[in-house]
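Colleague: First the structure, then my questions, so here it is.
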Amino acid sequence: LQTTALEALQGLETLGQLGDWKVQYLGKKGELTGMLRGMGALSAEERPVVGALVNDVRAALEAAYEEKEALLKKAEREKRLAEESVDVTLPGRAVKLGSEHPLNIVIRDIEDIFLGLGFQVADGPEVEYDYYNFEAMNVPKNHPARDMQDTFYINEDVLMRTQTSPMQARVLRATAEKAKAEGRQHPDPVRVIVPGRVYRRDDDDATHSHAFMQIEGLVVDRGIRMSDLKGTLLMFARQIFGPEVEIRMRPSYFPFTEPSTEVDVTCFNCGGSGCRTCKQTGWIEILGAGMVHPYVLEEQGYDSEEFTGFAFGMGVERVAMRRYGIEDIRHFYQNDVRLMSHFKSRM
Ligand code: PHE
């Protein structure tokens, strides 16, 4: 028995198997215990001899068991250490950074371009007086031009601004008041852009949103001409879209500019030859502009005999769509990370 048991012990590989072995040979129902129970059948002379023998065997097996147990425990510990060791040469795990929203990238790039031309950046309220949004912009109450921009009204006098143009009046007024306070006859010239959100009662679709971003531009000085407007916009378009881009100005109507124009840039998809994106025209509209109406200047305290100016208002989403080839305005508001993650911030 001792020989078979020790041979079996040799072959064991895990602590689990060792436990089974212990039950089989040393346990209460094990083979040695069985032998001790069978001693009742022996004679009085045989009993001490067999008893001593069984005890020797038990001692030998127990000693072997303990030795083997220590060995297996050590082996298992070493195996675990090997498995759990840290490979310090593995590359680190990349931390996922967020990305800047494409509209913010475009707004900042546009700001940079105009800052380089000596413009200032201003911002104004999204909840605006009817006076600044319409009346100061030469759109009196009940004027048909109000239909051009369906409006969210807060009350009779207050609304969600439908355009950033009210900031033309606010900036002119502030500048004129400063000159008046300082006792000067004429206010300072103005060169400013105003990015901001505007609101229209529109049904949302691929090209319309009830809330969108505009950037207003306003230049008022002595001797400002329409060619200054065109040169500024062409330079702007080539910086933001690329040096090959052309612009075209179509006659249009805005109550606060005269003459007025809508400005297109060559299509991002076909480069101007005509495709589905630009409805075969080759052009994509990005802004409205014109020479500041004398009414707007006079209303805020500028002498329209002394000063002239140009203004423009561009749709930021349109610029971003043209720049990135995005065909549905709603992509800007859904914030799907699969799209947004393409716009890595360059901070
Ligand atoms: N405010 C006009 C619009 O939202 C755009 C514009 C701004 C036109 C400035 C002329 C001058 O449609």
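Residues in the structure tokens are named by chain (A, B, ... in the order shown) and by number from 1 within that chain; ligands are numbered from 1 in the order shown.
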Looking only at strand (DSSP E) from DSSP on the backbone, list the matching residues of region 183-245 of chain A as a list in words.
Modeller: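 In region 183-245 of chain A, DSSP puts these residues in strand (DSSP E): Val190, Arg191, Val192, Ile193, Val194, Pro195, Gly196, Arg197, Val198, Tyr199, Ala211, Phe212, Met213, Gln214, Ile215, Glu216, Gly217, Leu218, Val219, Val220 and Asp221 of chain A.
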Colleague: Show which residues sit within 12 Å of region 288-292 of chain A, as a ChimeraX atom specification. Count only C-alpha atoms, and ignore same-chain residues fewer than 5 positions away.
Modeller: /A:137-138,163-165,168-169,172,214-221,223-230,232-233,248-264,297-299,302,304,307-315,318
Colleague: Have a look at A:Gln2, A:Glu13, A:Glu306, A:Arg200 and name the one nearest to Pro294 (chain A); count only C-alpha atoms.
Modeller: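 That would be A:Glu306, the residue with the smallest distance to Pro294 (chain A).
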Colleague: For the alpha helix (DSSP H) assignment from backbone DSSP, which residues of region 88-313 of chain A qualify? Please present them as a count of residues only.
Modeller: 57
Colleague: Near region 71-85 of chain A, counting only C-alpha atoms, which residues have an atom at most 12 Å away, once you skip same-chain residues fewer than 4 positions from it, shown as a PDB file with all heavy atoms, in the first residue's frame?
Modeller:
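Once everything was written out, this is part.pdb:
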```pdb
ATOM      1  N   LEU A   9       1.316   9.599  -5.402  1.00  0.00           N
ATOM      2  CA  LEU A   9       1.641  10.954  -4.951  1.00  0.00           C
ATOM      3  C   LEU A   9       2.625  11.643  -5.895  1.00  0.00           C
ATOM      4  O   LEU A   9       2.466  12.820  -6.246  1.00  0.00           O
ATOM      5  CB  LEU A   9       2.227  10.878  -3.540  1.00  0.00           C
ATOM      6  CG  LEU A   9       2.403  12.223  -2.819  1.00  0.00           C
ATOM      7  CD1 LEU A   9       1.059  12.826  -2.476  1.00  0.00           C
ATOM      8  CD2 LEU A   9       3.239  12.036  -1.553  1.00  0.00           C
ATOM      9  N   GLN A  10       3.603  10.885  -6.360  1.00  0.00           N
ATOM     10  CA  GLN A  10       4.604  11.411  -7.293  1.00  0.00           C
ATOM     11  C   GLN A  10       3.964  12.093  -8.508  1.00  0.00           C
ATOM     12  O   GLN A  10       4.370  13.161  -8.931  1.00  0.00           O
ATOM     13  CB  GLN A  10       5.498  10.251  -7.820  1.00  0.00           C
ATOM     14  CG  GLN A  10       6.546   9.775  -6.832  1.00  0.00           C
ATOM     15  CD  GLN A  10       7.626  10.818  -6.658  1.00  0.00           C
ATOM     16  OE1 GLN A  10       8.088  11.392  -7.627  1.00  0.00           O
ATOM     17  NE2 GLN A  10       7.993  11.077  -5.395  1.00  0.00           N
ATOM     18  N   GLY A  11       2.939  11.415  -9.027  1.00  0.00           N
ATOM     19  CA  GLY A  11       2.362  11.888 -10.291  1.00  0.00           C
ATOM     20  C   GLY A  11       1.429  13.092 -10.152  1.00  0.00           C
ATOM     21  O   GLY A  11       0.985  13.646 -11.145  1.00  0.00           O
ATOM     22  N   LEU A  12       1.116  13.509  -8.919  1.00  0.00           N
ATOM     23  CA  LEU A  12       0.130  14.583  -8.751  1.00  0.00           C
ATOM     24  C   LEU A  12       0.675  15.926  -9.224  1.00  0.00           C
ATOM     25  O   LEU A  12       1.844  16.234  -9.046  1.00  0.00           O
ATOM     26  CB  LEU A  12      -0.288  14.680  -7.275  1.00  0.00           C
ATOM     27  CG  LEU A  12      -0.936  13.404  -6.724  1.00  0.00           C
ATOM     28  CD1 LEU A  12      -1.416  13.655  -5.289  1.00  0.00           C
ATOM     29  CD2 LEU A  12      -2.079  12.934  -7.593  1.00  0.00           C
ATOM     30  N   GLU A  13      -0.231  16.740  -9.792  1.00  0.00           N
ATOM     31  CA  GLU A  13       0.240  18.024 -10.321  1.00  0.00           C
ATOM     32  C   GLU A  13      -0.435  19.242  -9.698  1.00  0.00           C
ATOM     33  O   GLU A  13       0.062  20.358  -9.812  1.00  0.00           O
ATOM     34  CB  GLU A  13       0.046  18.048 -11.843  1.00  0.00           C
ATOM     35  CG  GLU A  13       1.192  17.340 -12.552  1.00  0.00           C
ATOM     36  CD  GLU A  13       0.946  17.111 -14.025  1.00  0.00           C
ATOM     37  OE1 GLU A  13      -0.064  17.644 -14.527  1.00  0.00           O
ATOM     38  OE2 GLU A  13       1.769  16.427 -14.643  1.00  0.00           O
ATOM     39  N   THR A  14      -1.606  19.027  -9.094  1.00  0.00           N
ATOM     40  CA  THR A  14      -2.269  20.195  -8.508  1.00  0.00           C
ATOM     41  C   THR A  14      -2.671  19.921  -7.077  1.00  0.00           C
ATOM     42  O   THR A  14      -2.762  18.758  -6.646  1.00  0.00           O
ATOM     43  CB  THR A  14      -3.550  20.569  -9.289  1.00  0.00           C
ATOM     44  OG1 THR A  14      -4.519  19.542  -9.074  1.00  0.00           O
ATOM     45  CG2 THR A  14      -3.280  20.721 -10.768  1.00  0.00           C
ATOM     46  N   LEU A  15      -2.961  21.023  -6.362  1.00  0.00           N
ATOM     47  CA  LEU A  15      -3.395  20.902  -4.979  1.00  0.00           C
ATOM     48  C   LEU A  15      -4.735  20.187  -4.883  1.00  0.00           C
ATOM     49  O   LEU A  15      -5.009  19.481  -3.919  1.00  0.00           O
ATOM     50  CB  LEU A  15      -3.501  22.294  -4.346  1.00  0.00           C
ATOM     51  CG  LEU A  15      -2.144  22.936  -3.987  1.00  0.00           C
ATOM     52  CD1 LEU A  15      -2.327  24.399  -3.616  1.00  0.00           C
ATOM     53  CD2 LEU A  15      -1.466  22.177  -2.855  1.00  0.00           C
ATOM     54  N   GLY A  16      -5.542  20.328  -5.922  1.00  0.00           N
ATOM     55  CA  GLY A  16      -6.838  19.650  -5.958  1.00  0.00           C
ATOM     56  C   GLY A  16      -6.654  18.141  -5.978  1.00  0.00           C
ATOM     57  O   GLY A  16      -7.278  17.403  -5.198  1.00  0.00           O
ATOM     58  N   GLN A  17      -5.775  17.680  -6.855  1.00  0.00           N
ATOM     59  CA  GLN A  17      -5.495  16.244  -6.942  1.00  0.00           C
ATOM     60  C   GLN A  17      -4.915  15.726  -5.618  1.00  0.00           C
ATOM     61  O   GLN A  17      -5.224  14.619  -5.156  1.00  0.00           O
ATOM     62  CB  GLN A  17      -4.501  15.972  -8.082  1.00  0.00           C
ATOM     63  CG  GLN A  17      -5.086  16.251  -9.457  1.00  0.00           C
ATOM     64  CD  GLN A  17      -4.017  16.231 -10.551  1.00  0.00           C
ATOM     65  OE1 GLN A  17      -2.827  16.151 -10.267  1.00  0.00           O
ATOM     66  NE2 GLN A  17      -4.479  16.314 -11.794  1.00  0.00           N
ATOM     67  N   LEU A  18      -4.103  16.565  -4.995  1.00  0.00           N
ATOM     68  CA  LEU A  18      -3.489  16.184  -3.725  1.00  0.00           C
ATOM     69  C   LEU A  18      -4.557  15.963  -2.652  1.00  0.00           C
ATOM     70  O   LEU A  18      -4.466  15.008  -1.852  1.00  0.00           O
ATOM     71  CB  LEU A  18      -2.502  17.276  -3.286  1.00  0.00           C
ATOM     72  CG  LEU A  18      -1.719  16.995  -1.998  1.00  0.00           C
ATOM     73  CD1 LEU A  18      -0.794  15.787  -2.177  1.00  0.00           C
ATOM     74  CD2 LEU A  18      -0.916  18.215  -1.571  1.00  0.00           C
ATOM     75  N   GLY A  19      -5.582  16.823  -2.672  1.00  0.00           N
ATOM     76  CA  GLY A  19      -6.675  16.664  -1.713  1.00  0.00           C
ATOM     77  C   GLY A  19      -7.374  15.322  -1.895  1.00  0.00           C
ATOM     78  O   GLY A  19      -7.663  14.611  -0.914  1.00  0.00           O
ATOM     79  N   ALA A  64       5.124  12.470   3.531  1.00  0.00           N
ATOM     80  CA  ALA A  64       5.211  12.644   2.074  1.00  0.00           C
ATOM     81  C   ALA A  64       4.179  13.656   1.600  1.00  0.00           C
ATOM     82  O   ALA A  64       4.415  14.490   0.720  1.00  0.00           O
ATOM     83  CB  ALA A  64       4.995  11.296   1.378  1.00  0.00           C
ATOM     84  N   TYR A  65       2.979  13.547   2.249  1.00  0.00           N
ATOM     85  CA  TYR A  65       1.902  14.479   1.869  1.00  0.00           C
ATOM     86  C   TYR A  65       2.340  15.918   2.106  1.00  0.00           C
ATOM     87  O   TYR A  65       2.191  16.794   1.245  1.00  0.00           O
ATOM     88  CB  TYR A  65       0.645  14.176   2.683  1.00  0.00           C
ATOM     89  CG  TYR A  65      -0.428  15.231   2.538  1.00  0.00           C
ATOM     90  CD1 TYR A  65      -1.299  15.209   1.456  1.00  0.00           C
ATOM     91  CD2 TYR A  65      -0.548  16.248   3.484  1.00  0.00           C
ATOM     92  CE1 TYR A  65      -2.263  16.185   1.320  1.00  0.00           C
ATOM     93  CE2 TYR A  65      -1.505  17.230   3.354  1.00  0.00           C
ATOM     94  CZ  TYR A  65      -2.368  17.186   2.271  1.00  0.00           C
ATOM     95  OH  TYR A  65      -3.316  18.147   2.129  1.00  0.00           O
ATOM     96  N   GLU A  66       2.900  16.176   3.281  1.00  0.00           N
ATOM     97  CA  GLU A  66       3.268  17.551   3.596  1.00  0.00           C
ATOM     98  C   GLU A  66       4.355  18.083   2.669  1.00  0.00           C
ATOM     99  O   GLU A  66       4.309  19.238   2.224  1.00  0.00           O
ATOM    100  CB  GLU A  66       3.713  17.654   5.064  1.00  0.00           C
ATOM    101  CG  GLU A  66       2.575  18.229   5.911  1.00  0.00           C
ATOM    102  CD  GLU A  66       2.620  17.746   7.350  1.00  0.00           C
ATOM    103  OE1 GLU A  66       3.728  17.765   7.931  1.00  0.00           O
ATOM    104  OE2 GLU A  66       1.553  17.361   7.860  1.00  0.00           O
ATOM    105  N   GLU A  67       5.289  17.218   2.378  1.00  0.00           N
ATOM    106  CA  GLU A  67       6.372  17.614   1.475  1.00  0.00           C
ATOM    107  C   GLU A  67       5.812  17.989   0.102  1.00  0.00           C
ATOM    108  O   GLU A  67       6.113  19.039  -0.466  1.00  0.00           O
ATOM    109  CB  GLU A  67       7.340  16.440   1.340  1.00  0.00           C
ATOM    110  CG  GLU A  67       8.727  16.817   0.882  1.00  0.00           C
ATOM    111  CD  GLU A  67       9.604  15.554   0.823  1.00  0.00           C
ATOM    112  OE1 GLU A  67       9.689  14.834   1.846  1.00  0.00           O
ATOM    113  OE2 GLU A  67      10.153  15.296  -0.259  1.00  0.00           O
ATOM    114  N   THR A  89       7.432  46.991 -20.687  1.00  0.00           N
ATOM    115  CA  THR A  89       7.778  47.465 -22.035  1.00  0.00           C
ATOM    116  C   THR A  89       6.545  47.624 -22.916  1.00  0.00           C
ATOM    117  O   THR A  89       6.633  48.096 -24.046  1.00  0.00           O
ATOM    118  CB  THR A  89       8.744  46.483 -22.732  1.00  0.00           C
ATOM    119  OG1 THR A  89       8.042  45.258 -22.967  1.00  0.00           O
ATOM    120  CG2 THR A  89       9.963  46.222 -21.873  1.00  0.00           C
ATOM    121  N   LEU A  90       5.324  47.219 -22.388  1.00  0.00           N
ATOM    122  CA  LEU A  90       4.113  47.395 -23.197  1.00  0.00           C
ATOM    123  C   LEU A  90       3.858  48.875 -23.432  1.00  0.00           C
ATOM    124  O   LEU A  90       4.088  49.703 -22.557  1.00  0.00           O
ATOM    125  CB  LEU A  90       2.908  46.797 -22.460  1.00  0.00           C
ATOM    126  CG  LEU A  90       2.737  45.290 -22.519  1.00  0.00           C
ATOM    127  CD1 LEU A  90       1.557  44.883 -21.641  1.00  0.00           C
ATOM    128  CD2 LEU A  90       2.511  44.820 -23.949  1.00  0.00           C
TER     129      LEU A  90
END
```
Colleague: For a quick check of understanding, using only C-alpha atoms and all ligand atoms, which of A:Asp123, A:Glu100, A:Glu285, A:Asp203 has the smallest distance to ligand 1?
Modeller: A:Glu285
Colleague: Please list as a VMD selection string every residue within 12 Å of region 32-45 of chain A, counting only C-alpha atoms and excluding residues in the same chain fewer than 2 positions away.
Modeller: chain A and resid 1 to 2 5 22 to 30 47 to 62
Colleague: Tell me which protein, DNA and RNA residues are within 10 Å of Tyr131 (chain A), counting only C-alpha atoms, leaving out same-chain ones fewer than 2 positions away, and put them as JSON, numbers by chain.
Modeller: {"A": [128, 129, 133, 134, 135, 136, 137, 138, 139, 140, 141, 157, 158, 159, 166, 169]}
Colleague: Work out how far CA of Gly282 (chain A) is from CA of Asp109 (chain A), in Å to one decimal.
Modeller: 24.7 Å
Colleague: Between A:Gln239, A:Asn335, A:Thr151, A:Asn269, which one has atoms that come closest to ligand 1, using only C-alpha atoms and all ligand atoms?
Modeller: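 Looking only at the distances to ligand 1, the closest residue turns out to be A:Thr151.
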Colleague: At what distance in Å, to one decimal, does CA of Val194 (chain A) lie from CA of Tyr153 (chain A)?
Modeller: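 Interatomic distance, CA of Tyr153 (chain A) to CA of Val194 (chain A): 22.0 Å.
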